[in-house]
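For reference, my_file38.cif (mmCIF, C-alpha atoms):
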```cif
data_input
loop_
_atom_site.label_atom_id
_atom_site.label_comp_id
_atom_site.auth_asym_id
_atom_site.auth_seq_id
_atom_site.Cartn_x
_atom_site.Cartn_y
_atom_site.Cartn_z
CA MET L 1 0.65 3.11 19.10
CA LEU L 2 -2.33 4.57 20.88
CA SER L 3 -4.11 2.69 23.64
CA LEU L 4 -7.85 2.13 23.36
CA GLN L 5 -8.45 4.96 25.81
CA ARG L 6 -6.34 7.37 23.77
CA ARG L 7 -8.10 6.28 20.58
CA LEU L 8 -11.47 7.03 22.10
CA GLU L 9 -10.18 10.40 23.32
CA LEU L 10 -8.96 11.24 19.80
CA LEU L 11 -12.33 10.32 18.31
CA SER L 12 -14.08 12.41 20.94
CA TRP L 13 -11.84 15.37 20.08
CA ALA L 14 -12.62 15.01 16.36
CA GLU L 15 -16.35 14.95 17.03
CA ARG L 16 -16.19 17.87 19.45
CA THR L 17 -14.13 20.11 17.14
CA GLY L 18 -15.59 19.01 13.81
CA SER L 19 -12.18 17.70 12.69
CA TRP L 20 -11.28 14.86 10.34
CA ILE L 21 -8.86 12.01 11.02
CA ALA L 22 -6.96 10.41 8.14
CA GLU L 23 -6.00 6.92 9.29
CA ASP L 24 -3.23 5.40 7.17
CA ASP L 25 -3.18 1.76 8.25
CA PHE L 26 -0.30 0.58 6.07
CA ASP L 27 0.77 -2.42 8.18
CA GLY L 28 -2.10 -3.03 10.58
CA GLU L 29 -2.54 -6.56 9.24
CA TYR L 30 0.81 -7.59 10.68
CA ARG L 31 0.46 -8.16 14.40
CA TYR L 32 2.57 -10.92 15.95
CA ALA L 33 1.43 -10.76 19.57
CA GLY L 34 -2.15 -10.66 20.76
CA ARG L 35 -5.17 -9.86 18.66
CA PRO L 36 -5.03 -7.24 15.89
CA LEU L 37 -6.01 -3.79 17.11
CA ALA L 38 -9.25 -2.35 15.79
CA PRO L 39 -8.65 0.65 13.53
CA LEU L 40 -10.07 4.01 14.51
CA ARG L 41 -12.54 3.64 11.64
CA ALA L 42 -14.12 0.63 13.38
CA LEU L 43 -14.60 2.68 16.57
CA ASP L 44 -15.88 5.81 14.82
CA ARG L 45 -19.56 6.48 15.52
CA SER L 46 -19.74 10.07 14.30
CA GLY L 47 -18.23 9.77 10.82
CA ARG L 48 -14.96 11.62 11.39
CA VAL L 49 -12.41 9.03 10.15
CA ALA L 50 -11.19 8.40 6.61
CA TYR L 51 -9.46 5.01 6.50
CA LEU L 52 -6.75 4.54 3.87
CA GLY L 53 -4.89 1.42 2.85
CA SER L 54 -2.89 -0.09 0.04
CA PHE L 55 -2.18 -3.54 -1.35
CA SER L 56 1.39 -2.54 -2.23
CA LYS L 57 2.78 -4.06 0.98
CA LEU L 58 0.16 -6.75 1.47
CA LEU L 59 0.78 -8.15 -2.02
CA PHE L 60 3.22 -6.31 -4.33
CA PRO L 61 3.83 -2.69 -5.39
CA ALA L 62 3.29 -3.26 -9.12
CA LEU L 63 -0.38 -3.96 -8.43
CA ARG L 64 -0.82 -0.20 -7.83
CA LEU L 65 -4.15 -0.57 -6.04
CA SER L 66 -5.16 1.25 -2.90
CA PHE L 67 -8.44 2.14 -1.25
CA VAL L 68 -10.13 4.63 1.04
CA VAL L 69 -13.13 4.04 3.29
CA LEU L 70 -14.86 7.39 3.76
CA PRO L 71 -17.63 8.73 5.96
CA ALA L 72 -20.78 9.11 3.88
CA SER L 73 -20.57 12.89 4.23
CA LEU L 74 -17.25 12.96 2.34
CA ALA L 75 -18.01 10.47 -0.43
CA ALA L 76 -19.45 12.87 -3.00
CA ALA L 77 -16.72 15.49 -2.52
CA ALA L 78 -13.97 12.85 -2.70
CA GLN L 79 -15.43 11.36 -5.86
CA CYS L 80 -15.50 14.78 -7.49
CA LEU L 81 -11.94 15.54 -6.43
CA MET L 82 -10.52 12.18 -7.51
CA THR L 83 -12.17 12.40 -10.92
CA GLY L 84 -9.87 15.27 -11.80
CA THR L 85 -6.69 14.25 -9.98
CA ALA L 86 -6.41 10.51 -9.44
CA THR L 87 -4.81 7.99 -11.78
CA ARG L 88 -7.33 5.38 -12.83
CA ALA L 89 -6.67 1.92 -11.44
CA SER L 90 -6.62 -1.05 -13.76
CA VAL L 91 -10.10 -2.54 -14.12
CA LEU L 92 -8.53 -5.94 -14.83
CA GLY L 93 -6.39 -5.68 -11.70
CA GLN L 94 -9.38 -4.69 -9.58
CA GLY L 95 -11.38 -7.63 -10.85
CA ALA L 96 -8.57 -10.09 -10.23
CA LEU L 97 -8.00 -8.73 -6.72
CA ALA L 98 -11.71 -8.88 -5.90
CA ARG L 99 -11.77 -12.54 -6.94
CA PHE L 100 -8.55 -13.21 -5.00
CA ILE L 101 -10.17 -11.79 -1.85
CA ALA L 102 -13.55 -13.46 -2.35
CA ASP L 103 -11.95 -16.88 -2.80
CA GLY L 104 -10.08 -16.55 0.52
CA HIS L 105 -6.60 -16.30 -0.97
CA LEU L 106 -5.81 -12.92 0.61
CA ALA L 107 -6.67 -14.21 4.09
CA ALA L 108 -4.47 -17.26 3.52
CA HIS L 109 -1.64 -15.05 2.22
CA LEU L 110 -1.84 -12.87 5.33
CA ARG L 111 -1.67 -15.90 7.62
CA ARG L 112 1.46 -17.15 5.84
CA THR L 113 3.21 -13.80 5.76
CA ARG L 114 2.44 -13.07 9.42
CA LEU L 115 4.30 -16.23 10.37
CA LEU L 116 7.11 -15.46 7.90
CA TYR L 117 7.62 -11.87 9.06
CA ALA L 118 7.46 -12.87 12.72
CA ARG L 119 10.30 -15.35 12.08
CA ARG L 120 12.29 -12.71 10.25
CA GLN L 121 11.90 -10.22 13.07
CA GLN L 122 13.14 -12.86 15.51
CA ALA L 123 16.05 -13.67 13.19
CA LEU L 124 17.06 -10.00 13.03
CA ILE L 125 16.95 -9.64 16.81
CA ALA L 126 18.96 -12.83 17.28
CA ALA L 127 21.56 -11.77 14.71
CA ALA L 128 21.89 -8.28 16.25
CA ASP L 129 22.01 -9.30 19.92
CA ARG L 130 25.77 -9.58 20.43
CA PRO L 131 27.12 -7.47 17.52
CA PHE L 132 25.08 -4.43 18.58
CA LYS L 133 25.89 -4.69 22.27
CA GLY L 134 27.11 -1.32 23.51
CA LEU L 135 26.34 0.31 20.15
CA LEU L 136 22.67 0.04 19.26
CA ASP L 137 19.62 -0.81 21.34
CA ILE L 138 17.00 -2.82 19.50
CA THR L 139 13.84 -4.31 20.98
CA PRO L 140 11.06 -6.51 19.58
CA ASP L 141 7.86 -4.98 18.29
CA PRO L 142 4.44 -6.65 18.40
CA GLY L 143 3.69 -5.63 14.82
CA GLY L 144 4.81 -3.96 11.63
CA MET L 145 7.62 -4.75 9.21
CA HIS L 146 10.56 -2.89 10.74
CA LEU L 147 12.39 -2.35 14.01
CA ILE L 148 14.02 0.76 15.44
CA ALA L 149 17.68 0.64 16.48
CA ARG L 150 18.66 3.52 18.75
CA PRO L 151 22.23 4.53 19.60
CA SER L 152 23.43 3.64 23.07
CA ALA L 153 24.17 6.44 25.50
CA ALA L 154 27.90 6.00 24.85
CA ILE L 155 27.66 6.99 21.16
CA ALA L 156 24.43 9.02 21.00
CA ALA L 157 26.17 12.42 21.00
CA THR L 158 28.02 11.77 17.73
CA PHE L 159 25.57 9.38 16.05
CA ASP L 160 24.61 10.56 12.54
CA ASP L 161 21.86 8.31 11.20
CA HIS L 162 21.82 9.93 7.73
CA ALA L 163 25.55 9.31 7.25
CA ILE L 164 25.22 5.70 8.44
CA ALA L 165 22.25 5.06 6.12
CA ALA L 166 24.22 6.44 3.17
CA ALA L 167 27.28 4.30 3.99
CA CYS L 168 25.10 1.21 4.31
CA ALA L 169 23.44 1.91 0.97
CA ALA L 170 26.88 2.02 -0.65
CA ARG L 171 27.49 -1.48 0.75
CA GLY L 172 24.15 -2.87 -0.44
CA VAL L 173 22.30 -2.68 2.88
CA SER L 174 19.12 -0.61 2.87
CA ILE L 175 18.15 1.16 6.10
CA SER L 176 16.48 4.51 6.81
CA PRO L 177 17.41 7.31 9.23
CA LEU L 178 14.94 7.75 12.07
CA SER L 179 15.58 11.50 12.26
CA ALA L 180 13.96 11.91 8.82
CA CYS L 181 10.63 11.15 10.50
CA TYR L 182 10.81 14.26 12.68
CA SER L 183 10.04 17.88 11.86
CA GLY L 184 11.55 20.90 13.56
CA ARG L 185 14.94 21.20 15.19
CA THR L 186 14.54 18.52 17.85
CA LYS L 187 15.08 15.12 16.28
CA LYS L 188 15.79 11.67 17.65
CA HIS L 189 18.46 9.75 15.80
CA GLY L 190 18.27 6.06 15.12
CA LEU L 191 17.92 3.52 12.33
CA ILE L 192 14.79 2.01 10.80
CA LEU L 193 15.57 -1.62 10.01
CA GLY L 194 13.15 -3.31 7.63
CA TYR L 195 13.17 -7.09 7.81
CA ALA L 196 10.11 -8.32 5.90
CA GLY L 197 11.95 -8.62 2.57
CA THR L 198 15.18 -10.13 3.95
CA PRO L 199 15.58 -13.92 4.28
CA GLU L 200 16.68 -15.11 7.72
CA GLU L 201 19.98 -16.45 6.40
CA ASP L 202 20.95 -12.98 5.12
CA MET L 203 20.45 -11.24 8.47
CA PRO L 204 23.90 -11.92 10.01
CA ALA L 205 25.79 -10.50 7.02
CA ALA L 206 23.65 -7.35 6.94
CA VAL L 207 24.09 -6.88 10.70
CA ALA L 208 27.86 -7.32 10.38
CA THR L 209 27.98 -4.66 7.66
CA LEU L 210 25.98 -2.22 9.78
CA ARG L 211 28.10 -2.90 12.85
CA GLY L 212 31.30 -2.23 10.90
CA ILE L 213 29.96 1.07 9.60
CA VAL L 214 28.78 2.22 13.03
CA ARG L 215 32.15 1.34 14.60
CA ALA L 216 34.01 3.08 11.76
CA GLY L 217 32.08 6.24 12.51
CA LEU L 218 33.40 6.22 16.07
CA SER L 219 37.06 6.30 15.07
#
```
Write the structure described by the file as structure tokens, please.
Amino acid sequence: MLSLQRRLELLSWAERTGSWIAEDDFDGEYRYAGRPLAPLRALDRSGRVAYLGSFSKLLFPALRLSFVVLPASLAAAAQCLMTGTATRASVLGQGALARFIADGHLAAHLRRTRLLYARRQQALIAAADRPFKGLLDITPDPGGMHLIARPSAAIAATFDDHAIAAACAARGVSISPLSACYSGRTKKHGLILGYAGTPEEDMPAAVATLRGIVRAGLS
């Protein structure tokens, strides 16, 4: 996550070079410590940022509604492009969502889910504290809907996050390999642990399954 100074430097670079920034703020609403960070779009004074978001995670995927906030200079070109390529969103769904937002229900939903997801992150950390000791290093995060578990120095050399993710999937535990987020030959291995959709009481069993799979890979 970029500091305010780095954000301003990035905006300055975009203005200086005539570049565009696509800002995909898919979980910016979920901050559990301190005030929410302003998106780049809110700091942009030269019209270089396109801000994209979706209601798939804020509400539910079946809604199939997303949005983009464009600089005025890109609006006409984007409208022309989307006319020929984009799938039309449901007019009924858009109307219902607009009413949902206007009546304050979205703001109330976000307040509830921030508290819920913060509790679930804490539950995951508590459940993983002792079982992961010496195997995986996991630390809290001030926002988002997942945590990163990195292999300890003792097992890092042989840690295969793709193999572990596949073994977990076969046991009904869904995680993602961190190395899939890297391009090129140099990759960092680890596990992306989503917690937003997992009730607190289910955390210990999922952690135990993951621990067993990681330990089995060491033998």
- Message: So that I can check the surroundings of segment 129-139 of chain L, please list as a ChimeraX atom specification every protein, DNA and RNA residue that reaches within 12 Å of it, counting all atoms listed in the file and ignoring chain neighbours fewer than 5 positions away.
- Response: /L:121-124,146-156,158-159,161,189-193,203-218
Counting only C-alpha atoms, give me one row per residue of segment 52-133 of chain L with an atom at most 6 Å from an atom of segment 18-34 of chain L, showing the shortest contact pair and its distance in Å to one decimal, sorted by chain then residue number, as CSV.
```
residue,atom,partner,partner_atom,distance
L:Leu52,CA,L:Asp24,CA,4.9
L:Gly53,CA,L:Phe26,CA,5.7
L:Arg114,CA,L:Tyr30,CA,5.9
```
- Between atom CA of Ala118 of chain L and atom CA of Leu178 of chain L, what is the spacing in Å?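 These two atoms are separated by 21.9 Å.
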- Task: Please work out which residues fall within 10 Å of (1.5, -3.2, 1.0), coordinates as given in the file, with all atoms listed in the file counting, and return them as a list in words.
- Result: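 So the residues meeting the distance criterion are Asp25, Phe26, Asp27, Glu29, Gly53, Ser54, Phe55, Ser56, Lys57, Leu58, Leu59, Phe60, Pro61, Leu63, Arg64, Leu65 and Ser66 of chain L.
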- Note on the structure: Taken to one decimal, the atom CA of Pro36 of chain L-atom CA of Gly143 of chain L distance is 8.9 Å
- Pick out the closest residue to Ile125 of chain L from this set: L:Thr113, L:Gly172, L:Tyr51, L:Pro140. Count only C-alpha atoms. L:Pro140
Calculate, to one decimal in Å, the centre and edge lengths of the box along x, y and z of the file that holds all listed atoms of segment 208-218 of chain L with 5 Å of margin on each side, and present them as JSON.
```
{"center_x": 30.0, "center_y": -0.5, "center_z": 11.9, "size_x": 18.0, "size_y": 23.6, "size_z": 18.4}
```
- Query: So how many Å separate atom CA of Ser3 of chain L and atom CA of Lys188 of chain L, to one decimal?
  - Reply: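 We find that atom CA of Ser3 of chain L and atom CA of Lys188 of chain L lie 22.6 Å from each other.
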- May I ask which of the residues L:Leu8, L:Arg45, L:Phe67, L:Ala76 is the closest one to Gln94 of chain L, counting all atoms listed in the file? L:Phe67
- Message: I need the output of the PyMOL selection byres ((chain L and resi 165) around 8) for this file as a list in words; which residues are they?
- Response: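 Applied to this file, the PyMOL selection byres ((chain L and resi 165) around 8) selects Asp161, His162, Ala163, Ile164, Ala166, Ala167, Cys168, Ala169, Ser174, Ile175, Ser176, Pro177 and Leu191 of chain L.
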Enumerate, as a compact mmCIF listing (two decimals) with C-alpha atoms, in the frame of the given file, the residues matched when the PyMOL selection byres ((chain L and resi 15) around 10) is run on the file above.
```txt
# COMPACT_ATOMS: atom_id res chain seq x y z
CA GLU L 9 -10.18 10.40 23.32
CA LEU L 10 -8.96 11.24 19.80
CA LEU L 11 -12.33 10.32 18.31
CA SER L 12 -14.08 12.41 20.94
CA TRP L 13 -11.84 15.37 20.08
CA ALA L 14 -12.62 15.01 16.36
CA ARG L 16 -16.19 17.87 19.45
CA THR L 17 -14.13 20.11 17.14
CA GLY L 18 -15.59 19.01 13.81
CA SER L 19 -12.18 17.70 12.69
CA TRP L 20 -11.28 14.86 10.34
CA ASP L 44 -15.88 5.81 14.82
CA ARG L 45 -19.56 6.48 15.52
CA SER L 46 -19.74 10.07 14.30
CA GLY L 47 -18.23 9.77 10.82
CA ARG L 48 -14.96 11.62 11.39
CA VAL L 49 -12.41 9.03 10.15
```
